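Text of target_27.pdb (PDB, C-alpha atoms) as supplied:
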MODEL        1
ATOM      1  CA  MET D   1       0.000   0.000   0.000  1.00  0.00           C
ATOM      2  CA  THR D   2       1.380   3.406  -0.988  1.00  0.00           C
ATOM      3  CA  PRO D   3       1.894   6.088   1.716  1.00  0.00           C
ATOM      4  CA  SER D   4      -0.784   8.343   0.176  1.00  0.00           C
ATOM      5  CA  LYS D   5      -3.314   5.456   0.232  1.00  0.00           C
ATOM      6  CA  LYS D   6      -2.483   4.897   3.913  1.00  0.00           C
ATOM      7  CA  ARG D   7      -3.018   8.593   4.597  1.00  0.00           C
ATOM      8  CA  ILE D   8      -6.389   8.509   2.774  1.00  0.00           C
ATOM      9  CA  ILE D   9      -7.540   5.655   5.033  1.00  0.00           C
ATOM     10  CA  ILE D  10      -6.296   7.525   8.141  1.00  0.00           C
ATOM     11  CA  ASN D  11      -8.128  10.697   7.006  1.00  0.00           C
ATOM     12  CA  ILE D  12     -11.404   8.792   6.491  1.00  0.00           C
ATOM     13  CA  ALA D  13     -10.960   7.124   9.901  1.00  0.00           C
ATOM     14  CA  LEU D  14     -10.365  10.546  11.488  1.00  0.00           C
ATOM     15  CA  ILE D  15     -13.506  12.008   9.881  1.00  0.00           C
ATOM     16  CA  LEU D  16     -15.561   9.073  11.176  1.00  0.00           C
ATOM     17  CA  PHE D  17     -13.943   9.358  14.620  1.00  0.00           C
ATOM     18  CA  PHE D  18     -14.788  13.053  14.963  1.00  0.00           C
ATOM     19  CA  ILE D  19     -18.374  12.570  13.757  1.00  0.00           C
ATOM     20  CA  ILE D  20     -19.047   9.471  15.892  1.00  0.00           C
ATOM     21  CA  SER D  21     -17.327  10.719  19.072  1.00  0.00           C
ATOM     22  CA  GLY D  22     -18.973  14.146  18.807  1.00  0.00           C
ATOM     23  CA  SER D  23     -22.408  12.657  18.127  1.00  0.00           C
ATOM     24  CA  LEU D  24     -22.054  10.169  20.982  1.00  0.00           C
ATOM     25  CA  TYR D  25     -21.085  12.954  23.370  1.00  0.00           C
ATOM     26  CA  ILE D  26     -24.149  14.999  22.351  1.00  0.00           C
ATOM     27  CA  LEU D  27     -26.431  11.973  22.703  1.00  0.00           C
ATOM     28  CA  LEU D  28     -25.040  10.692  26.022  1.00  0.00           C
ATOM     29  CA  SER D  29     -24.273  13.949  27.818  1.00  0.00           C
ATOM     30  CA  GLU D  30     -27.183  15.645  29.518  1.00  0.00           C
ATOM     31  CA  ASN D  31     -25.578  19.057  29.863  1.00  0.00           C
ATOM     32  CA  SER D  32     -23.827  19.022  26.541  1.00  0.00           C
ATOM     33  CA  ASN D  33     -22.553  22.286  25.162  1.00  0.00           C
ATOM     34  CA  ILE D  34     -23.718  21.932  21.552  1.00  0.00           C
ATOM     35  CA  SER D  35     -21.724  24.888  20.173  1.00  0.00           C
ATOM     36  CA  LEU D  36     -18.478  23.627  21.742  1.00  0.00           C
ATOM     37  CA  ILE D  37     -18.983  20.086  20.436  1.00  0.00           C
ATOM     38  CA  SER D  38     -20.056  21.250  16.984  1.00  0.00           C
ATOM     39  CA  GLY D  39     -16.855  23.320  16.876  1.00  0.00           C
ATOM     40  CA  TYR D  40     -14.868  20.232  17.850  1.00  0.00           C
ATOM     41  CA  ILE D  41     -16.546  18.132  15.126  1.00  0.00           C
ATOM     42  CA  SER D  42     -16.376  20.748  12.358  1.00  0.00           C
ATOM     43  CA  GLY D  43     -12.751  21.638  13.212  1.00  0.00           C
ATOM     44  CA  GLY D  44     -11.590  18.021  13.190  1.00  0.00           C
ATOM     45  CA  VAL D  45     -13.607  17.064  10.122  1.00  0.00           C
ATOM     46  CA  GLY D  46     -12.496  20.212   8.299  1.00  0.00           C
ATOM     47  CA  VAL D  47      -8.781  19.507   8.812  1.00  0.00           C
ATOM     48  CA  ALA D  48      -9.222  15.834   7.870  1.00  0.00           C
ATOM     49  CA  LEU D  49     -11.217  16.799   4.741  1.00  0.00           C
ATOM     50  CA  ILE D  50      -8.490  19.202   3.556  1.00  0.00           C
ATOM     51  CA  GLN D  51      -5.842  16.507   4.052  1.00  0.00           C
ATOM     52  CA  LEU D  52      -8.083  13.932   2.343  1.00  0.00           C
ATOM     53  CA  TYR D  53      -8.472  16.234  -0.669  1.00  0.00           C
ATOM     54  CA  GLN D  54      -4.695  16.762  -0.832  1.00  0.00           C
ATOM     55  CA  ASN D  55      -3.980  13.018  -0.639  1.00  0.00           C
ATOM     56  CA  ILE D  56      -6.547  12.168  -3.339  1.00  0.00           C
ATOM     57  CA  LYS D  57      -4.982  14.876  -5.540  1.00  0.00           C
ATOM     58  CA  ILE D  58      -1.530  13.319  -4.937  1.00  0.00           C
ATOM     59  CA  GLN D  59      -2.898   9.938  -6.052  1.00  0.00           C
ATOM     60  CA  LYS D  60      -4.465  11.286  -9.236  1.00  0.00           C
ATOM     61  CA  ASN D  61      -2.140  14.092 -10.325  1.00  0.00           C
ATOM     62  CA  GLU D  62       1.485  13.125 -10.990  1.00  0.00           C
ATOM     63  CA  ASN D  63       2.656  16.764 -11.317  1.00  0.00           C
ATOM     64  CA  TYR D  64       1.077  17.669  -7.979  1.00  0.00           C
ATOM     65  CA  LYS D  65       2.671  14.568  -6.412  1.00  0.00           C
ATOM     66  CA  ASN D  66       6.114  15.659  -7.651  1.00  0.00           C
ATOM     67  CA  LYS D  67       5.484  19.198  -6.376  1.00  0.00           C
ATOM     68  CA  VAL D  68       4.530  17.942  -2.900  1.00  0.00           C
ATOM     69  CA  GLN D  69       7.521  15.576  -2.881  1.00  0.00           C
ATOM     70  CA  ALA D  70       9.857  18.444  -3.777  1.00  0.00           C
ATOM     71  CA  GLU D  71       8.334  20.623  -1.034  1.00  0.00           C
ATOM     72  CA  ASN D  72       8.934  17.817   1.483  1.00  0.00           C
ATOM     73  CA  ASP D  73      12.455  16.976   0.368  1.00  0.00           C
ATOM     74  CA  GLU D  74      15.295  16.176   2.758  1.00  0.00           C
ATOM     75  CA  ARG D  75      16.442  19.822   3.104  1.00  0.00           C
ATOM     76  CA  ASN D  76      12.962  20.951   4.141  1.00  0.00           C
ATOM     77  CA  LYS D  77      12.731  18.053   6.599  1.00  0.00           C
ATOM     78  CA  PHE D  78      16.146  19.053   7.974  1.00  0.00           C
ATOM     79  CA  ILE D  79      14.993  22.688   8.310  1.00  0.00           C
ATOM     80  CA  ASN D  80      11.798  21.584  10.079  1.00  0.00           C
ATOM     81  CA  ALA D  81      13.721  19.379  12.519  1.00  0.00           C
ATOM     82  CA  LYS D  82      16.257  22.138  13.191  1.00  0.00           C
ATOM     83  CA  SER D  83      13.574  24.792  13.751  1.00  0.00           C
ATOM     84  CA  ILE D  84      11.687  22.471  16.133  1.00  0.00           C
ATOM     85  CA  GLU D  85      14.951  21.900  18.035  1.00  0.00           C
ATOM     86  CA  ILE D  86      15.618  25.644  18.388  1.00  0.00           C
ATOM     87  CA  THR D  87      11.964  26.420  19.233  1.00  0.00           C
ATOM     88  CA  THR D  88      11.972  23.758  21.955  1.00  0.00           C
ATOM     89  CA  THR D  89      15.157  25.155  23.499  1.00  0.00           C
ATOM     90  CA  ILE D  90      13.740  28.699  23.506  1.00  0.00           C
ATOM     91  CA  LEU D  91      10.431  27.466  24.932  1.00  0.00           C
ATOM     92  CA  PHE D  92      12.302  25.618  27.680  1.00  0.00           C
ATOM     93  CA  ILE D  93      14.272  28.724  28.647  1.00  0.00           C
ATOM     94  CA  ILE D  94      11.092  30.864  28.678  1.00  0.00           C
ATOM     95  CA  THR D  95       9.274  28.261  30.810  1.00  0.00           C
ATOM     96  CA  ALA D  96      12.202  28.028  33.244  1.00  0.00           C
ATOM     97  CA  ILE D  97      12.407  31.850  33.588  1.00  0.00           C
ATOM     98  CA  PHE D  98       8.621  32.016  33.970  1.00  0.00           C
ATOM     99  CA  SER D  99       8.668  29.432  36.768  1.00  0.00           C
ATOM    100  CA  LEU D 100      11.456  31.321  38.582  1.00  0.00           C
ATOM    101  CA  VAL D 101       9.608  34.629  38.279  1.00  0.00           C
ATOM    102  CA  CYS D 102       6.459  32.960  39.638  1.00  0.00           C
ATOM    103  CA  ILE D 103       8.374  31.715  42.703  1.00  0.00           C
ATOM    104  CA  PHE D 104       9.534  35.270  43.471  1.00  0.00           C
ATOM    105  CA  LEU D 105       6.008  36.595  42.938  1.00  0.00           C
ATOM    106  CA  GLY D 106       4.579  33.941  45.251  1.00  0.00           C
ATOM    107  CA  LYS D 107       2.509  32.282  42.494  1.00  0.00           C
ATOM    108  CA  GLU D 108       3.538  28.717  43.317  1.00  0.00           C
ATOM    109  CA  GLU D 109       0.643  27.180  41.384  1.00  0.00           C
ATOM    110  CA  TYR D 110       2.031  28.583  38.100  1.00  0.00           C
ATOM    111  CA  THR D 111       5.493  27.284  39.021  1.00  0.00           C
ATOM    112  CA  PHE D 112       4.017  23.802  39.507  1.00  0.00           C
ATOM    113  CA  VAL D 113       2.350  23.981  36.085  1.00  0.00           C
ATOM    114  CA  ALA D 114       5.593  25.139  34.406  1.00  0.00           C
ATOM    115  CA  ALA D 115       7.649  22.511  36.234  1.00  0.00           C
ATOM    116  CA  GLY D 116       5.049  19.890  35.303  1.00  0.00           C
ATOM    117  CA  ILE D 117       5.345  20.808  31.615  1.00  0.00           C
ATOM    118  CA  ILE D 118       9.153  20.568  31.766  1.00  0.00           C
ATOM    119  CA  LEU D 119       8.924  17.233  33.616  1.00  0.00           C
ATOM    120  CA  LEU D 120       6.392  15.817  31.140  1.00  0.00           C
ATOM    121  CA  TYR D 121       8.529  16.958  28.221  1.00  0.00           C
ATOM    122  CA  SER D 122      11.625  15.362  29.776  1.00  0.00           C
ATOM    123  CA  ILE D 123       9.812  12.047  30.290  1.00  0.00           C
ATOM    124  CA  ILE D 124       8.474  12.008  26.702  1.00  0.00           C
ATOM    125  CA  TRP D 125      11.924  12.981  25.389  1.00  0.00           C
ATOM    126  CA  LEU D 126      13.568  10.157  27.379  1.00  0.00           C
ATOM    127  CA  ILE D 127      11.050   7.564  26.104  1.00  0.00           C
ATOM    128  CA  THR D 128      11.388   8.797  22.494  1.00  0.00           C
ATOM    129  CA  ARG D 129      15.172   8.797  22.741  1.00  0.00           C
ATOM    130  CA  THR D 130      15.219   5.257  24.141  1.00  0.00           C
ATOM    131  CA  ILE D 131      12.966   4.013  21.308  1.00  0.00           C
ATOM    132  CA  LEU D 132      15.024   5.780  18.613  1.00  0.00           C
ATOM    133  CA  ASN D 133      18.249   4.534  20.201  1.00  0.00           C
ATOM    134  CA  LYS D 134      17.012   0.971  19.782  1.00  0.00           C
ATOM    135  CA  LYS D 135      15.658   1.638  16.307  1.00  0.00           C
ATOM    136  CA  TYR D 136      18.867   3.171  14.898  1.00  0.00           C
TER     137      TYR D 136
ATOM    138  CA  MET N   1      31.843  20.294   1.861  1.00  0.00           C
ATOM    139  CA  LYS N   2      32.452  21.672  -1.608  1.00  0.00           C
ATOM    140  CA  ASN N   3      30.901  20.180  -4.719  1.00  0.00           C
ATOM    141  CA  ARG N   4      30.900  20.447  -8.506  1.00  0.00           C
ATOM    142  CA  ILE N   5      27.133  20.364  -8.987  1.00  0.00           C
ATOM    143  CA  GLU N   6      26.870  23.810 -10.590  1.00  0.00           C
ATOM    144  CA  GLU N   7      29.739  23.100 -12.999  1.00  0.00           C
ATOM    145  CA  LEU N   8      28.356  19.679 -13.982  1.00  0.00           C
ATOM    146  CA  ARG N   9      24.808  21.016 -14.270  1.00  0.00           C
ATOM    147  CA  ASN N  10      25.961  23.819 -16.571  1.00  0.00           C
ATOM    148  CA  LEU N  11      27.791  21.294 -18.733  1.00  0.00           C
ATOM    149  CA  GLN N  12      24.461  19.531 -19.253  1.00  0.00           C
ATOM    150  CA  ASN N  13      22.717  22.860 -19.984  1.00  0.00           C
ATOM    151  CA  LEU N  14      20.261  22.330 -17.159  1.00  0.00           C
ATOM    152  CA  THR N  15      18.647  25.055 -15.099  1.00  0.00           C
ATOM    153  CA  GLN N  16      18.387  24.679 -11.332  1.00  0.00           C
ATOM    154  CA  GLU N  17      14.651  24.109 -11.768  1.00  0.00           C
ATOM    155  CA  ASP N  18      15.183  21.324 -14.347  1.00  0.00           C
ATOM    156  CA  PHE N  19      17.823  19.632 -12.255  1.00  0.00           C
ATOM    157  CA  ALA N  20      15.648  19.917  -9.131  1.00  0.00           C
ATOM    158  CA  ASN N  21      12.783  18.220 -10.971  1.00  0.00           C
ATOM    159  CA  LEU N  22      15.070  15.419 -12.101  1.00  0.00           C
ATOM    160  CA  MET N  23      16.352  14.903  -8.558  1.00  0.00           C
ATOM    161  CA  GLN N  24      12.818  15.256  -7.086  1.00  0.00           C
ATOM    162  CA  VAL N  25      13.870  18.043  -4.726  1.00  0.00           C
ATOM    163  CA  SER N  26      13.052  21.740  -4.557  1.00  0.00           C
ATOM    164  CA  ARG N  27      14.989  24.365  -6.542  1.00  0.00           C
ATOM    165  CA  GLN N  28      16.062  25.914  -3.224  1.00  0.00           C
ATOM    166  CA  THR N  29      17.724  22.619  -2.272  1.00  0.00           C
ATOM    167  CA  ILE N  30      19.822  22.657  -5.453  1.00  0.00           C
ATOM    168  CA  SER N  31      20.707  26.303  -4.842  1.00  0.00           C
ATOM    169  CA  SER N  32      21.749  25.553  -1.231  1.00  0.00           C
ATOM    170  CA  LEU N  33      23.816  22.569  -2.365  1.00  0.00           C
ATOM    171  CA  GLU N  34      25.612  24.609  -4.997  1.00  0.00           C
ATOM    172  CA  ASN N  35      26.355  27.387  -2.511  1.00  0.00           C
ATOM    173  CA  GLY N  36      27.654  24.868   0.026  1.00  0.00           C
ATOM    174  CA  LYS N  37      25.027  25.898   2.570  1.00  0.00           C
ATOM    175  CA  TYR N  38      23.576  22.406   2.841  1.00  0.00           C
ATOM    176  CA  ASN N  39      25.242  18.997   2.775  1.00  0.00           C
ATOM    177  CA  PRO N  40      23.109  16.268   1.149  1.00  0.00           C
ATOM    178  CA  SER N  41      22.265  12.885   2.589  1.00  0.00           C
ATOM    179  CA  ILE N  42      24.176   9.920   1.206  1.00  0.00           C
ATOM    180  CA  PHE N  43      21.068   8.982  -0.823  1.00  0.00           C
ATOM    181  CA  LEU N  44      20.833  12.363  -2.552  1.00  0.00           C
ATOM    182  CA  ALA N  45      24.614  12.496  -3.048  1.00  0.00           C
ATOM    183  CA  TYR N  46      24.439   9.062  -4.691  1.00  0.00           C
ATOM    184  CA  LYS N  47      21.485  10.078  -6.857  1.00  0.00           C
ATOM    185  CA  ILE N  48      23.269  13.232  -8.044  1.00  0.00           C
ATOM    186  CA  SER N  49      26.538  11.385  -8.731  1.00  0.00           C
ATOM    187  CA  LYS N  50      24.717   8.633 -10.597  1.00  0.00           C
ATOM    188  CA  PHE N  51      22.965  11.238 -12.751  1.00  0.00           C
ATOM    189  CA  PHE N  52      26.338  12.661 -13.854  1.00  0.00           C
ATOM    190  CA  ASN N  53      27.821   9.148 -14.245  1.00  0.00           C
ATOM    191  CA  LEU N  54      30.503   9.958 -11.703  1.00  0.00           C
ATOM    192  CA  SER N  55      31.491   8.662  -8.293  1.00  0.00           C
ATOM    193  CA  ILE N  56      30.451  10.549  -5.150  1.00  0.00           C
ATOM    194  CA  GLU N  57      34.085  11.595  -4.581  1.00  0.00           C
ATOM    195  CA  ASP N  58      34.195  13.152  -8.054  1.00  0.00           C
ATOM    196  CA  VAL N  59      31.167  15.345  -7.349  1.00  0.00           C
ATOM    197  CA  PHE N  60      31.579  16.084  -3.654  1.00  0.00           C
ATOM    198  CA  ILE N  61      34.906  17.233  -2.263  1.00  0.00           C
ATOM    199  CA  PHE N  62      35.256  16.208   1.342  1.00  0.00           C
ATOM    200  CA  GLU N  63      37.381  18.495   3.504  1.00  0.00           C
ATOM    201  CA  GLU N  64      38.950  16.991   6.617  1.00  0.00           C
ATOM    202  CA  ASN N  65      38.473  20.102   8.737  1.00  0.00           C
ATOM    203  CA  SER N  66      34.977  20.976   7.565  1.00  0.00           C
ATOM    204  CA  GLU N  67      32.513  21.174  10.420  1.00  0.00           C
ATOM    205  CA  GLU N  68      29.031  19.771  10.091  1.00  0.00           C
ATOM    206  CA  LYS N  69      26.551  22.617   9.636  1.00  0.00           C
TER     207      LYS N  69
ENDMDL
END

Mind turning this structure into structure tokens?
Amino acid sequence: MTPSKKRIIINIALILFFIISGSLYILLSENSNISLISGYISGGVGVALIQLYQNIKIQKNENYKNKVQAENDERNKFINAKSIEITTTILFIITAIFSLVCIFLGKEEYTFVAAGIILLYSIIWLITRTILNKKY
Amino acid sequence: MKNRIEELRNLQNLTQEDFANLMQVSRQTISSLENGKYNPSIFLAYKISKFFNLSIEDVFIFEENSEEK
């Protein structure tokens, strides 16, 4: 199965998931907030529909497929990975400074949230690194 | 790492756009490679060398002291 076919199946599954889960919530919840849930459904379905359209176009149009492939070439992947790396570092520094400032201002609850984010990130990073270390 | 991509591409009378299409990468990637701003993966280096019917060493000039960017 080609990658674009796989993505088409995932997109259809996502559309069904958003519609079914949203509908079930509306049906089962007594105090359901219809506008919030409809936003959740339409947002999810909308994104999945756009991706579905793009993947079908890739399947049918060879020129478009080549264009998308060129846009996602190894240099662009490298740039994406590098920018994520730099963004994460900056975000970490901002979070650390924010948590320190909150301690001095006596807002311990914000410090706990910031520390929790850093801790969660570190745990996910450690797990991901361990998996990739075994994989490569 | 220096390379001879621009020289070899000009010998074949190919524009950056044409060569990018043949290599299935973006034109910016070819431009960055030619300017030495980006070092290709071994797969792309092989693909480029194969296109010019040369070995990787003939297209890409490895420098001992060059730092990875």

If we count all atoms listed in the file, which residues of chain D reach to within 10 Å of chain N? Please list them as JSON, numbers by chain.
{"D": [66, 67, 68, 69, 70, 71, 72, 73, 74, 75, 76, 78]}

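Relative to CA of Asn53 in chain N, CA of Gly36 in chain N is found at 21.2 Å.
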
Atom-to-atom span, CA of Phe104 in chain D and CA of Ile90 in chain D, Å:
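These two atoms are separated by 21.4 Å.
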
What do you get, as a ChimeraX atom specification, if you spell out every residue that the PyMOL selection byres ((chain N and resi 2) around 9) selects here?
/N:1,3-4,33-36,39,59-63

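Between CA of Asn55 in chain D and CA of Ser4 in chain D the interatomic distance comes to 5.7 Å.
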
Residues in the PyMOL selection byres ((chain D and resi 58) around 12), expressed as a PyMOL selection string:
chain D and resi 2-5+7-8+51-57+59-69

Generate the output file for the selected residues, C-alpha atoms, as a PDB file, in the coordinates of the input.
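again-v6.pdb was written with the following content:
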ATOM      1  CA  THR D   2       1.380   3.406  -0.988  1.00  0.00           C
ATOM      2  CA  PRO D   3       1.894   6.088   1.716  1.00  0.00           C
ATOM      3  CA  SER D   4      -0.784   8.343   0.176  1.00  0.00           C
ATOM      4  CA  LYS D   5      -3.314   5.456   0.232  1.00  0.00           C
ATOM      5  CA  ARG D   7      -3.018   8.593   4.597  1.00  0.00           C
ATOM      6  CA  ILE D   8      -6.389   8.509   2.774  1.00  0.00           C
ATOM      7  CA  GLN D  51      -5.842  16.507   4.052  1.00  0.00           C
ATOM      8  CA  LEU D  52      -8.083  13.932   2.343  1.00  0.00           C
ATOM      9  CA  TYR D  53      -8.472  16.234  -0.669  1.00  0.00           C
ATOM     10  CA  GLN D  54      -4.695  16.762  -0.832  1.00  0.00           C
ATOM     11  CA  ASN D  55      -3.980  13.018  -0.639  1.00  0.00           C
ATOM     12  CA  ILE D  56      -6.547  12.168  -3.339  1.00  0.00           C
ATOM     13  CA  LYS D  57      -4.982  14.876  -5.540  1.00  0.00           C
ATOM     14  CA  GLN D  59      -2.898   9.938  -6.052  1.00  0.00           C
ATOM     15  CA  LYS D  60      -4.465  11.286  -9.236  1.00  0.00           C
ATOM     16  CA  ASN D  61      -2.140  14.092 -10.325  1.00  0.00           C
ATOM     17  CA  GLU D  62       1.485  13.125 -10.990  1.00  0.00           C
ATOM     18  CA  ASN D  63       2.656  16.764 -11.317  1.00  0.00           C
ATOM     19  CA  TYR D  64       1.077  17.669  -7.979  1.00  0.00           C
ATOM     20  CA  LYS D  65       2.671  14.568  -6.412  1.00  0.00           C
ATOM     21  CA  ASN D  66       6.114  15.659  -7.651  1.00  0.00           C
ATOM     22  CA  LYS D  67       5.484  19.198  -6.376  1.00  0.00           C
ATOM     23  CA  VAL D  68       4.530  17.942  -2.900  1.00  0.00           C
ATOM     24  CA  GLN D  69       7.521  15.576  -2.881  1.00  0.00           C
TER      25      GLN D  69
END

Answer as a list in words, residues within 12 Å of (28.6, 18.2, -17.7) using all atoms listed in the file
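It turns out the residues near that spot are Arg4, Ile5, Glu6, Glu7, Leu8, Arg9, Asn10, Leu11, Gln12, Asn13, Leu14, Ser49, Phe51, Phe52, Asn53, Leu54 and Val59 of chain N.
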
Please provide as a PDB file with C-alpha atoms, in the frame of the given file all residues within 7 Å of Phe18 in chain D, with the sequence filter that same-chain residues fewer than 6 positions apart are discarded (counting all atoms listed in the file).
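selection-v7.pdb was written with the following content:
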ATOM      1  CA  ILE D  41     -16.546  18.132  15.126  1.00  0.00           C
ATOM      2  CA  GLY D  44     -11.590  18.021  13.190  1.00  0.00           C
ATOM      3  CA  VAL D  45     -13.607  17.064  10.122  1.00  0.00           C
TER       4      VAL D  45
END

Draw an axis-aligned box tight on the listed atoms of range 116-119 of chain D, then pad every side by 6 Å and write out centre and edge lengths in Å to one decimal as lines of an AutoDock Vina configuration file.
center_x = 7.1
center_y = 19.0
center_z = 33.5
size_x = 16.1
size_y = 15.6
size_z = 15.7

Which residues fall under the PyMOL selection byres ((chain D and resi 38) around 12) in this file, as an NGL selection string?
:D and (18-26 or 32-37 or 39-46)
